[in-house]
Structure formats: structure tokens, C-alpha cells
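Peer 1: Sharing start.txt here; it has compact mmCIF, C-alpha atoms.
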```
# COMPACT_ATOMS: atom_id res chain seq x y z
CA SER A 1 0.00 0.00 0.00
CA LEU A 2 0.99 3.63 -0.46
CA ASN A 3 -0.13 6.28 2.01
CA ILE A 4 0.45 9.94 1.25
CA ILE A 5 -0.21 12.45 4.00
CA TYR A 6 -0.88 16.14 3.88
CA ALA A 7 -0.70 17.75 7.33
CA GLY A 8 -1.65 21.37 7.70
CA ASN A 9 -3.99 24.10 6.63
CA PHE A 10 -6.63 23.47 3.96
CA GLY A 11 -6.52 26.93 2.45
CA ARG A 12 -6.80 28.20 -1.07
CA PHE A 13 -3.03 28.41 -1.72
CA GLN A 14 -2.47 24.67 -1.30
CA GLY A 15 -4.34 23.64 -4.44
CA LEU A 16 -5.75 20.62 -2.63
CA GLU A 17 -8.74 20.54 -4.94
CA ASN A 18 -6.33 19.72 -7.77
CA VAL A 19 -4.58 17.15 -5.64
CA ILE A 20 -7.90 15.36 -5.08
CA ARG A 21 -8.64 15.50 -8.83
CA GLY A 22 -5.27 13.88 -9.46
CA PHE A 23 -5.88 11.21 -6.82
CA SER A 24 -9.29 10.42 -8.30
CA LEU A 25 -7.40 8.88 -11.25
CA VAL A 26 -6.18 6.10 -8.96
CA LYS A 27 -9.48 5.41 -7.23
CA ASP A 28 -9.45 1.84 -8.59
CA GLN A 29 -6.17 1.31 -6.68
CA THR A 30 -7.73 1.15 -3.21
CA ASP A 31 -4.33 0.67 -1.57
CA ILE A 32 -3.19 4.15 -2.67
CA ARG A 33 -4.56 6.60 -0.13
CA LEU A 34 -4.35 10.32 0.49
CA ILE A 35 -4.73 11.34 4.12
CA LEU A 36 -5.60 14.97 4.79
CA LEU A 37 -4.80 15.84 8.38
CA GLY A 38 -5.85 19.23 9.64
CA ASP A 39 -8.41 21.93 9.06
CA GLY A 40 -9.15 25.04 7.09
CA GLU A 41 -11.60 27.08 5.09
CA GLU A 42 -11.60 24.63 2.15
CA LYS A 43 -12.30 21.49 4.18
CA GLU A 44 -16.01 21.05 3.44
CA LYS A 45 -15.50 21.79 -0.25
CA LEU A 46 -12.69 19.23 -0.38
CA LYS A 47 -14.81 16.60 1.37
CA LYS A 48 -17.64 17.13 -1.12
CA LEU A 49 -15.28 16.95 -4.09
CA SER A 50 -13.63 13.83 -2.73
CA ASN A 51 -17.04 12.14 -2.31
CA THR A 52 -18.21 13.22 -5.75
CA LEU A 53 -15.07 11.86 -7.42
CA LYS A 54 -15.01 8.79 -5.13
CA ALA A 55 -11.29 9.41 -4.53
CA ASN A 56 -9.42 7.45 -1.84
CA VAL A 57 -9.10 10.47 0.41
CA PHE A 58 -9.38 10.26 4.18
CA PHE A 59 -9.83 13.27 6.42
CA ILE A 60 -8.45 13.42 9.96
CA ASP A 61 -9.35 16.41 12.11
CA HIS A 62 -6.63 18.54 13.65
CA VAL A 63 -4.87 16.68 16.51
CA PRO A 64 -2.20 17.70 19.05
CA GLN A 65 1.35 17.88 17.66
CA GLN A 66 2.62 14.67 19.29
CA GLU A 67 -0.27 12.71 17.82
CA SER A 68 0.15 14.27 14.40
CA LYS A 69 3.86 13.30 14.42
CA LYS A 70 2.86 9.66 14.99
CA ILE A 71 0.35 9.79 12.13
CA ILE A 72 2.92 11.41 9.83
CA GLN A 73 5.53 8.75 10.70
CA LYS A 74 3.22 5.98 9.49
CA ALA A 75 2.82 7.47 6.02
CA ASP A 76 5.04 6.74 3.01
CA LEU A 77 5.19 10.25 1.55
CA GLY A 78 4.51 13.76 2.82
CA LEU A 79 2.57 15.95 0.41
CA ILE A 80 3.42 19.56 -0.24
CA SER A 81 1.29 21.35 -2.81
CA LEU A 82 1.16 25.00 -3.78
CA VAL A 83 -0.75 26.84 -6.48
CA PRO A 84 1.47 28.57 -9.05
CA ASN A 85 3.48 31.64 -8.04
CA ILE A 86 2.87 31.15 -4.32
CA TYR A 87 6.30 29.52 -4.04
CA LYS A 88 7.81 32.98 -4.46
CA TYR A 89 6.37 33.94 -1.07
CA ALA A 90 6.20 30.64 0.77
CA TYR A 91 8.59 27.89 1.74
CA PRO A 92 6.38 25.43 3.60
CA SER A 93 7.38 24.67 7.17
CA LYS A 94 5.72 21.27 6.76
CA LEU A 95 8.79 20.26 4.77
CA MET A 96 10.71 20.27 8.08
CA SER A 97 7.95 18.36 9.86
CA TYR A 98 7.96 15.63 7.22
CA LEU A 99 11.75 15.32 7.00
CA GLU A 100 12.06 15.21 10.79
CA GLN A 101 9.88 12.08 10.72
CA GLY A 102 11.98 10.60 7.91
CA LEU A 103 9.22 11.11 5.38
CA PRO A 104 10.13 11.60 1.71
CA ILE A 105 8.28 14.39 -0.11
CA LEU A 106 5.73 14.39 -2.88
CA GLY A 107 5.92 17.95 -4.15
CA LEU A 108 3.05 19.02 -6.39
CA ILE A 109 4.66 22.32 -7.19
CA GLU A 110 6.37 24.25 -9.95
CA LYS A 111 9.59 22.69 -11.19
CA ASN A 112 11.42 26.03 -11.09
CA SER A 113 10.69 26.71 -7.41
CA ASP A 114 13.46 26.56 -4.80
CA LEU A 115 11.48 23.87 -3.04
CA ALA A 116 11.38 21.65 -6.15
CA LYS A 117 15.10 22.18 -6.68
CA ASP A 118 15.82 21.28 -3.03
CA ILE A 119 13.72 18.11 -3.24
CA GLU A 120 15.55 16.98 -6.35
CA LYS A 121 19.04 18.12 -5.30
CA ASN A 122 18.79 16.36 -1.91
CA ASN A 123 17.08 13.30 -3.37
CA ILE A 124 14.27 13.43 -0.81
CA GLY A 125 11.26 12.85 -3.02
CA PHE A 126 9.39 13.51 -6.22
CA VAL A 127 8.21 16.67 -7.96
CA ILE A 128 5.28 16.94 -10.36
CA SER A 129 3.27 19.94 -11.48
CA LEU A 130 0.04 20.39 -9.51
CA TYR A 131 -1.97 20.14 -12.73
CA ASP A 132 -0.22 17.11 -14.23
CA HIS A 133 -2.73 14.50 -13.08
CA ILE A 134 -1.66 11.85 -15.58
CA ASN A 135 1.99 11.88 -14.45
CA LEU A 136 0.83 11.89 -10.83
CA ARG A 137 -1.30 8.82 -11.46
CA ASP A 138 1.60 7.00 -13.16
CA LEU A 139 4.06 7.95 -10.42
CA LEU A 140 1.72 6.78 -7.63
CA ILE A 141 1.12 3.42 -9.30
CA ASN A 142 4.85 2.92 -9.95
CA LEU A 143 5.76 3.83 -6.36
CA LYS A 144 3.17 1.43 -5.00
CA ASN A 145 4.26 -1.44 -7.26
CA ASN A 146 7.95 -1.04 -6.52
CA LEU A 147 8.88 -0.02 -2.99
CA ASN A 148 12.67 -0.05 -3.55
CA TRP A 149 12.77 3.76 -3.30
CA LYS A 150 11.40 3.85 0.22
CA LYS A 151 14.34 2.94 2.47
CA LYS A 152 16.85 5.09 0.61
CA LEU A 153 14.57 8.15 0.51
CA LYS A 154 13.59 7.80 4.17
CA ARG A 155 17.27 7.71 5.14
CA GLN A 156 18.00 10.66 2.87
CA SER A 157 15.07 12.63 4.37
CA LEU A 158 16.35 12.18 7.93
CA LEU A 159 19.85 13.09 6.82
CA THR A 160 18.64 16.23 5.05
CA PHE A 161 16.69 17.24 8.16
CA LYS A 162 19.81 16.85 10.30
CA GLU A 163 21.99 18.74 7.81
CA LYS A 164 19.62 21.59 7.03
CA PHE A 165 16.98 22.01 9.73
CA SER A 166 18.13 20.57 13.05
CA SER A 167 18.08 23.10 15.89
CA ASN A 168 21.90 23.49 15.88
CA ILE A 169 21.93 24.35 12.21
CA MET A 170 18.95 26.70 12.49
CA LEU A 171 20.53 28.50 15.48
CA LYS A 172 23.72 29.07 13.50
CA LYS A 173 21.70 30.46 10.58
CA TRP A 174 19.83 32.84 12.88
CA GLU A 175 23.03 33.92 14.60
CA SER A 176 24.59 34.80 11.25
CA ILE A 177 21.52 36.90 10.40
CA ILE A 178 21.40 38.64 13.78
```
As C-alpha cells - that is how I would like this structure written.
Peer 2:
Amino acid sequence: SLNIIYAGNFGRFQGLENVIRGFSLVKDQTDIRLILLGDGEEKEKLKKLSNTLKANVFFIDHVPQQESKKIIQKADLGLISLVPNIYKYAYPSKLMSYLEQGLPILGLIEKNSDLAKDIEKNNIGFVISLYDHINLRDLLINLKNNLNWKKKLKRQSLLTFKEKFSSNIMLKKWESII
């Protein structure tokens, strides 16, 4: 099975509606699941869309941080999605949360964003355009059918977290700014 988690705010900049449309193309693969953990203004709309498209999407209400870490740990991939041009103003903090739990990234974002470049350069996941539903479908099916990527990417995700985001590293970065 392949479980992809999105943990965070369901707002209009995340493009989650498009993510659900993409996931609806694998609804016949019942062991490929998208878990949406959190809350936000788009939640009801997303639930309706998910039901209409009969996508394998599961909603979990906002939970305390410790609990959400446990849920994130159990997933295979952490989802980051952003509508076009938002990447110029946002670098999602959920990237750190996923990597800290050793979770590789599924980035449904623009290829020319810093985030996409970081994912590819550090070999911590996969990047596909938010609107490329066909390539998303193919990637999900391939990842589910061949799990060889998992161990290496999990290790690489933890390593990248330690190298780039651990508290020691972040403190040094802040000190250099201050």
C-alpha cells in the first residue's frame, strides 16, 4: 500500500482541490490513499469533491502535535502542494515536519521553485506539477508497485533534516543573520 499524508492548513493556496482531482485517477487502486490531516476554510468543499469523485481520500481532524507526528511517521510520503506563483512567497514549514519524521516528499509544485530544486538536489522525493494529473497517477502506481525507493529516501530525508533544519543548524543560521 501507499499512504500519502498532507498535514496542515486546507486553504486556497495549497491547491488541494487539484490534488484530489489527481488522486481520483487512482481510485481503482484502493491501496493508494491520500490522508488529509488538519483543518481550514476549504475542508467542506474538499470533502464534497472527494465524495463526488469517489477518490481514496481520508480526512483526519486537527490533533495535538505529538499525535500528528505519529500519524505522519506511518505514512510513506509527505505531500506539499502550492498553487502557481505562491512559491515565491512561501517555503512550507511542513517540509521540516515531514523530514524530521523521515518522510520523503511528494511535491506538487512548480519545477522552477526553490522547493522543487531542493527536493531533487537532496534526493528526498518527487516533484510533479500540480496540474499534471496523468503523471501523478503513473508515479503513484509505480511507487506502490515497486517499494525499492522507500528505504533510501527515508534515510536521505532524515539526513537532510539533520543537515539543514536541526536546531543546531537553524541556530547558526539565525546567529549569522542577527
Peer 1: Go through A:Ile4, A:Leu95, A:Leu53, A:Leu79 one by one, measure the shortest atom-to-atom distance of each to A:Leu25 using all atoms listed in the file, and give the residue with the smallest value.
Peer 2: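 Comparing A:Ile4, A:Leu95, A:Leu53, A:Leu79 against A:Leu25, the winner is A:Leu53.
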Peer 1: Hey, can you pull every residue with an atom no more than 7 Å from (2.0, 15.5, 4.0), using only C-alpha atoms, and send it as a list in words?
Peer 2: Ile4, Ile5, Tyr6, Ala7, Leu77, Gly78, Leu79, Ile80 and Tyr98 of chain A
Peer 1: Within 9 Å of A:Glu17, counting all atoms listed in the file, which residues qualify if same-chain residues fewer than 4 places away don't, as a short mmCIF file (atom, residue, chain, number, x, y, z; two decimals) with C-alpha atoms, keeping the file's coordinate frame?
Peer 2:
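Done, and the output landed in selection27.cif:
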```
data_model
loop_
_atom_site.label_atom_id
_atom_site.label_comp_id
_atom_site.auth_asym_id
_atom_site.auth_seq_id
_atom_site.Cartn_x
_atom_site.Cartn_y
_atom_site.Cartn_z
CA ARG A 12 -6.80 28.20 -1.07
CA ARG A 21 -8.64 15.50 -8.83
CA GLY A 22 -5.27 13.88 -9.46
CA GLU A 42 -11.60 24.63 2.15
CA LYS A 45 -15.50 21.79 -0.25
CA LEU A 46 -12.69 19.23 -0.38
CA LEU A 49 -15.28 16.95 -4.09
CA SER A 50 -13.63 13.83 -2.73
#
```
Peer 1: So, with all atoms listed in the file as the atoms that count, which of A:Asp31, A:Asp76, A:Asp118, A:Asp132 lies closest to A:Leu147?
Peer 2: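 Closest to A:Leu147, using all atoms listed in the file: A:Asp76.
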Peer 1: Which one is closest to A:Leu37: A:Asn142, A:Ser24, A:Ser68, A:Asn148? Count only C-alpha atoms.
Peer 2: A:Ser68
Peer 1: A:Glu67, A:Asp39, A:Glu44, A:Glu100: which is nearest A:Lys162, counting all atoms listed in the file?
Peer 2: A:Glu100
Peer 1: Identify which of the residues A:Ala116, A:Lys74, A:Ser157, A:Lys27 lies closest to A:Thr52, counting only C-alpha atoms when measuring atom-to-atom distances.
Peer 2: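 Of A:Ala116, A:Lys74, A:Ser157, A:Lys27, the one nearest A:Thr52, counting only C-alpha atoms, is A:Lys27.
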Peer 1: In Å, with one decimal, what is the gap from atom CA of A:Phe126 to atom CA of A:Ile105?
Peer 2: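 Spanning atom CA of A:Phe126 to atom CA of A:Ile105 is a straight-line distance of 6.3 Å.
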Peer 1: Would you mind reading off the distance between atom CA of A:Ile119 and atom CA of A:Lys47, one decimal, in Å?
Peer 2: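 Result for atom CA of A:Ile119 versus atom CA of A:Lys47: 28.9 Å, one decimal.
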Peer 1: Please determine, counting only C-alpha atoms, which residue among A:His133, A:Phe165, A:Gly125, A:Asn145 has the shortest atom-to-atom distance to A:Asn18.
Peer 2: A:His133
Peer 1: May I have the residues within 10 Å of A:Thr30 as a list in words, using all atoms listed in the file and disregarding those fewer than 2 positions away in the same chain?
Peer 2: Ser1, Leu2, Val26, Lys27, Asp28, Ile32, Arg33, Ala55 and Asn56 of chain A
Peer 1: If we count only C-alpha atoms and set the cut-off at 12 Å, which residues sit around A:Ile86, ignoring sequence neighbours fewer than 4 positions away in its own chain? Please answer as an NGL selection string.
Peer 2: :A and (12-15 or 81-82 or 90-92 or 109-110 or 113-115)
Peer 1: To one decimal in Å, tell me the separation between atom CA of A:Ile124 and atom CA of A:Thr160.
Peer 2: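 It comes out at 7.8 Å.
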